[in-house]
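S.K.: PDB, C-alpha atoms, pLDDT in the B column, file entry-v9.pdb:
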```
ATOM      1  CA  ILE A   1      89.657  88.732  65.123  1.00 69.00           C
ATOM      2  CA  SER A   2      86.462  86.763  65.670  1.00 69.00           C
ATOM      3  CA  LEU A   3      82.916  87.589  64.503  1.00 73.00           C
ATOM      4  CA  SER A   4      80.002  85.766  66.083  1.00 74.00           C
ATOM      5  CA  SER A   5      76.315  86.709  66.510  1.00 74.00           C
ATOM      6  CA  GLY A   6      76.951  90.383  65.724  1.00 75.00           C
ATOM      7  CA  GLN A   7      79.848  90.605  68.199  1.00 80.00           C
ATOM      8  CA  ILE A   8      83.431  91.353  67.137  1.00 83.00           C
ATOM      9  CA  ASP A   9      86.242  90.180  69.418  1.00 82.00           C
ATOM     10  CA  ILE A  10      89.921  91.039  68.991  1.00 79.00           C
ATOM     11  CA  PHE A  11      92.610  88.793  70.461  1.00 82.00           C
ATOM     12  CA  ARG A  12      96.341  89.297  71.010  1.00 81.00           C
ATOM     13  CA  GLY A  13      98.578  86.423  72.000  1.00 84.00           C
ATOM     14  CA  GLY A  14      95.520  84.197  72.464  1.00 84.00           C
ATOM     15  CA  THR A  15      93.931  86.586  75.008  1.00 81.00           C
ATOM     16  CA  GLN A  16      90.796  88.585  74.212  1.00 78.00           C
ATOM     17  CA  ARG A  17      91.613  92.311  74.440  1.00 78.00           C
ATOM     18  CA  PHE A  18      88.661  94.102  72.852  1.00 76.00           C
ATOM     19  CA  SER A  19      84.984  93.366  72.220  1.00 80.00           C
ATOM     20  CA  ILE A  20      82.400  95.293  70.202  1.00 80.00           C
ATOM     21  CA  GLN A  21      78.750  94.373  70.723  1.00 78.00           C
ATOM     22  CA  SER A  22      75.553  95.985  69.478  1.00 72.00           C
ATOM     23  CA  ASN A  23      75.263  98.149  72.615  1.00 73.00           C
ATOM     24  CA  ALA A  24      78.736  98.200  74.179  1.00 73.00           C
ATOM     25  CA  ILE A  25      82.482  98.284  73.609  1.00 73.00           C
ATOM     26  CA  ALA A  26      84.695  96.501  76.147  1.00 72.00           C
ATOM     27  CA  LEU A  27      88.439  96.829  76.714  1.00 70.00           C
ATOM     28  CA  LEU A  28      89.741  93.773  78.541  1.00 71.00           C
ATOM     29  CA  HIS A  29      92.859  92.672  80.457  1.00 68.00           C
ATOM     30  CA  ASN A  30      94.693  95.942  81.235  1.00 70.00           C
ATOM     31  CA  THR A  31      94.298  97.396  77.760  1.00 68.00           C
ATOM     32  CA  SER A  32      95.668 100.917  77.515  1.00 72.00           C
ATOM     33  CA  ILE A  33      94.603 103.750  75.242  1.00 74.00           C
ATOM     34  CA  THR A  34      97.020 106.360  73.954  1.00 81.00           C
ATOM     35  CA  GLY A  35      95.368 109.661  73.080  1.00 82.00           C
ATOM     36  CA  ASN A  36      92.054 111.256  73.996  1.00 81.00           C
ATOM     37  CA  VAL A  37      88.892 109.434  75.029  1.00 77.00           C
ATOM     38  CA  THR A  38      85.576 111.208  74.503  1.00 79.00           C
ATOM     39  CA  ALA A  39      82.216 109.920  75.708  1.00 78.00           C
ATOM     40  CA  SER A  40      78.743 111.348  75.223  1.00 81.00           C
ATOM     41  CA  GLY A  41      77.026 108.986  77.680  1.00 79.00           C
ATOM     42  CA  ASN A  42      77.734 107.514  81.101  1.00 79.00           C
ATOM     43  CA  ILE A  43      81.144 106.126  82.008  1.00 77.00           C
ATOM     44  CA  SER A  44      81.392 103.517  84.751  1.00 77.00           C
ATOM     45  CA  ALA A  45      84.238 101.553  86.298  1.00 77.00           C
ATOM     46  CA  SER A  46      84.435  98.621  88.664  1.00 78.00           C
ATOM     47  CA  GLY A  47      88.121  99.056  89.488  1.00 79.00           C
ATOM     48  CA  THR A  48      90.534 101.897  90.119  1.00 80.00           C
ATOM     49  CA  ILE A  49      90.565 104.978  87.908  1.00 79.00           C
ATOM     50  CA  SER A  50      93.950 106.723  87.793  1.00 80.00           C
ATOM     51  CA  ALA A  51      94.856 110.058  86.250  1.00 79.00           C
ATOM     52  CA  PHE A  52      98.467 110.951  85.563  1.00 80.00           C
ATOM     53  CA  GLY A  53      99.244 114.525  84.639  1.00 82.00           C
ATOM     54  CA  SER A  54      96.318 116.911  84.822  1.00 82.00           C
ATOM     55  CA  SER A  55      92.590 116.239  85.021  1.00 82.00           C
ATOM     56  CA  SER A  56      89.650 118.597  84.602  1.00 85.00           C
ATOM     57  CA  LEU A  57      86.132 118.273  85.953  1.00 86.00           C
ATOM     58  CA  ILE A  58      84.201 120.764  83.838  1.00 89.00           C
ATOM     59  CA  GLY A  59      80.559 121.678  84.382  1.00 91.00           C
ATOM     60  CA  LEU A  60      80.164 120.470  87.965  1.00 94.00           C
ATOM     61  CA  PRO A  61      76.983 121.729  89.653  1.00 95.00           C
ATOM     62  CA  THR A  62      77.107 124.400  92.355  1.00 94.00           C
ATOM     63  CA  THR A  63      74.097 123.035  94.237  1.00 95.00           C
ATOM     64  CA  GLU A  64      74.314 120.070  96.605  1.00 94.00           C
ATOM     65  CA  PRO A  65      73.249 116.824  94.908  1.00 94.00           C
ATOM     66  CA  SER A  66      71.222 114.042  96.525  1.00 94.00           C
ATOM     67  CA  VAL A  67      73.157 111.060  95.127  1.00 93.00           C
ATOM     68  CA  THR A  68      75.876 109.576  97.359  1.00 93.00           C
ATOM     69  CA  GLY A  69      79.291 109.972  95.752  1.00 92.00           C
ATOM     70  CA  ALA A  70      78.233 112.862  93.486  1.00 93.00           C
ATOM     71  CA  LEU A  71      80.596 115.845  93.187  1.00 94.00           C
ATOM     72  CA  TRP A  72      79.729 119.537  93.363  1.00 94.00           C
ATOM     73  CA  LEU A  73      81.416 122.906  93.899  1.00 95.00           C
ATOM     74  CA  SER A  74      80.698 124.837  97.073  1.00 94.00           C
ATOM     75  CA  GLY A  75      81.690 128.024  98.881  1.00 91.00           C
ATOM     76  CA  SER A  76      84.627 130.201  97.978  1.00 87.00           C
ATOM     77  CA  ALA A  77      88.314 129.437  98.266  1.00 82.00           C
ATOM     78  CA  GLY A  78      89.134 132.962  97.094  1.00 85.00           C
ATOM     79  CA  ASN A  79      90.240 134.333  93.725  1.00 89.00           C
ATOM     80  CA  GLY A  80      87.406 132.717  91.742  1.00 86.00           C
ATOM     81  CA  SER A  81      87.973 129.260  93.267  1.00 91.00           C
ATOM     82  CA  LYS A  82      85.508 126.916  94.981  1.00 92.00           C
ATOM     83  CA  TYR A  83      85.802 123.806  97.148  1.00 94.00           C
ATOM     84  CA  LEU A  84      85.306 120.391  95.547  1.00 93.00           C
ATOM     85  CA  MET A  85      82.732 118.513  97.630  1.00 95.00           C
ATOM     86  CA  VAL A  86      81.579 114.872  97.673  1.00 95.00           C
ATOM     87  CA  PHE A  87      78.011 114.122  98.807  1.00 94.00           C
ATOM     88  CA  THR A  88      78.038 111.381 101.441  1.00 94.00           C
ATOM     89  CA  GLY A  89      74.350 111.258 102.279  1.00 87.00           C
TER      90      GLY A  89
END
```
Turn this file's structure into structure tokens for me.
M.R.:
Amino acid sequence: ISLSSGQIDIFRGGTQRFSIQSNAIALLHNTSITGNVTASGNISASGTISAFGSSSLIGLPTTEPSVTGALWLSGSAGNGSKYLMVFTG
């Protein structure tokens, strides 16, 4: 564990795995989390996001967005279901 200029870094086997800064937390080098992850702000990724098991997208809008890549629910697939749509511009 290293503390420098208000930043905490955690190393394992000489490789930095985790960093806590005043405005961010970073998981580095294929770090995995076991259990639930909850976020109250934005989540972003620069690589691949994989979901194994089940995933839920709760609270998606039912009106078409204007941001490329945004998801929304449209139409009717019967029995209370809707189609998952991706806005492509």
S.K.: Return the single residue from A:Gly75, A:Gly13, A:Gly69, A:Gly59 that is closest to Gly89 (chain A), with distances computed using only C-alpha atoms.
M.R.: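 So, comparing all the options, the nearest one is A:Gly69.
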S.K.: Evaluated on this file, the PyMOL selection byres ((chain A and resi 18) around 9) picks out some residues - which ones are they, written as a PyMOL selection string?
M.R.: chain A and resi 8-11+16-17+19-20+25-29+31
S.K.: Next, the residues of the selection above should be written as a PDB file, in the frame of the given file with C-alpha atoms.
M.R.:
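Output saved as part-v7.pdb:
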```pdb
ATOM      1  CA  ILE A   8      83.431  91.353  67.137  1.00 83.00           C
ATOM      2  CA  ASP A   9      86.242  90.180  69.418  1.00 82.00           C
ATOM      3  CA  ILE A  10      89.921  91.039  68.991  1.00 79.00           C
ATOM      4  CA  PHE A  11      92.610  88.793  70.461  1.00 82.00           C
ATOM      5  CA  GLN A  16      90.796  88.585  74.212  1.00 78.00           C
ATOM      6  CA  ARG A  17      91.613  92.311  74.440  1.00 78.00           C
ATOM      7  CA  SER A  19      84.984  93.366  72.220  1.00 80.00           C
ATOM      8  CA  ILE A  20      82.400  95.293  70.202  1.00 80.00           C
ATOM      9  CA  ILE A  25      82.482  98.284  73.609  1.00 73.00           C
ATOM     10  CA  ALA A  26      84.695  96.501  76.147  1.00 72.00           C
ATOM     11  CA  LEU A  27      88.439  96.829  76.714  1.00 70.00           C
ATOM     12  CA  LEU A  28      89.741  93.773  78.541  1.00 71.00           C
ATOM     13  CA  HIS A  29      92.859  92.672  80.457  1.00 68.00           C
ATOM     14  CA  THR A  31      94.298  97.396  77.760  1.00 68.00           C
TER      15      THR A  31
END
```
S.K.: To one decimal place, how far is CA of Pro65 (chain A) from CA of Asn36 (chain A) in Å?
M.R.: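 So the two atoms, CA of Pro65 (chain A) and CA of Asn36 (chain A), lie 28.7 Å apart.
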S.K.: Restricting the calculation to all atoms listed in the file, which member of A:Ala24, A:Ala77, A:Ile49, A:Met85 is positioned closest to Thr63 (chain A)?
M.R.: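 Smallest separation from Thr63 (chain A) among the options: A:Met85.
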S.K.: Could you please determine the separation between CA of Gly6 (chain A) and CA of Ser22 (chain A) in Å, to one decimal place?
M.R.: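 Distance reported for this atom pair: 6.9 Å.
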S.K.: Give me, please, the distance in Å between CA of Ser44 (chain A) and CA of Val86 (chain A), quoted to one decimal.
M.R.: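 Result for CA of Ser44 (chain A) versus CA of Val86 (chain A): 17.2 Å, one decimal.
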S.K.: Kindly indicate which residue among A:Ile33, A:Leu84, A:Leu3, A:Ala45 lies nearest to Ile58 (chain A), using all atoms listed in the file for the distances.
M.R.: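 Residue with the minimum atom-to-atom distance to Ile58 (chain A): A:Leu84.
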S.K.: May I have the centre and edge lengths, in Å to one decimal, of an axis-aligned box around the listed atoms of region 61-80 of chain A with 5 Å added to every side, as AutoDock Vina command-line options?
M.R.:
```
--center_x 80.7 --center_y 122.0 --center_z 94.3 --size_x 29.0 --size_y 34.8 --size_z 19.2
```
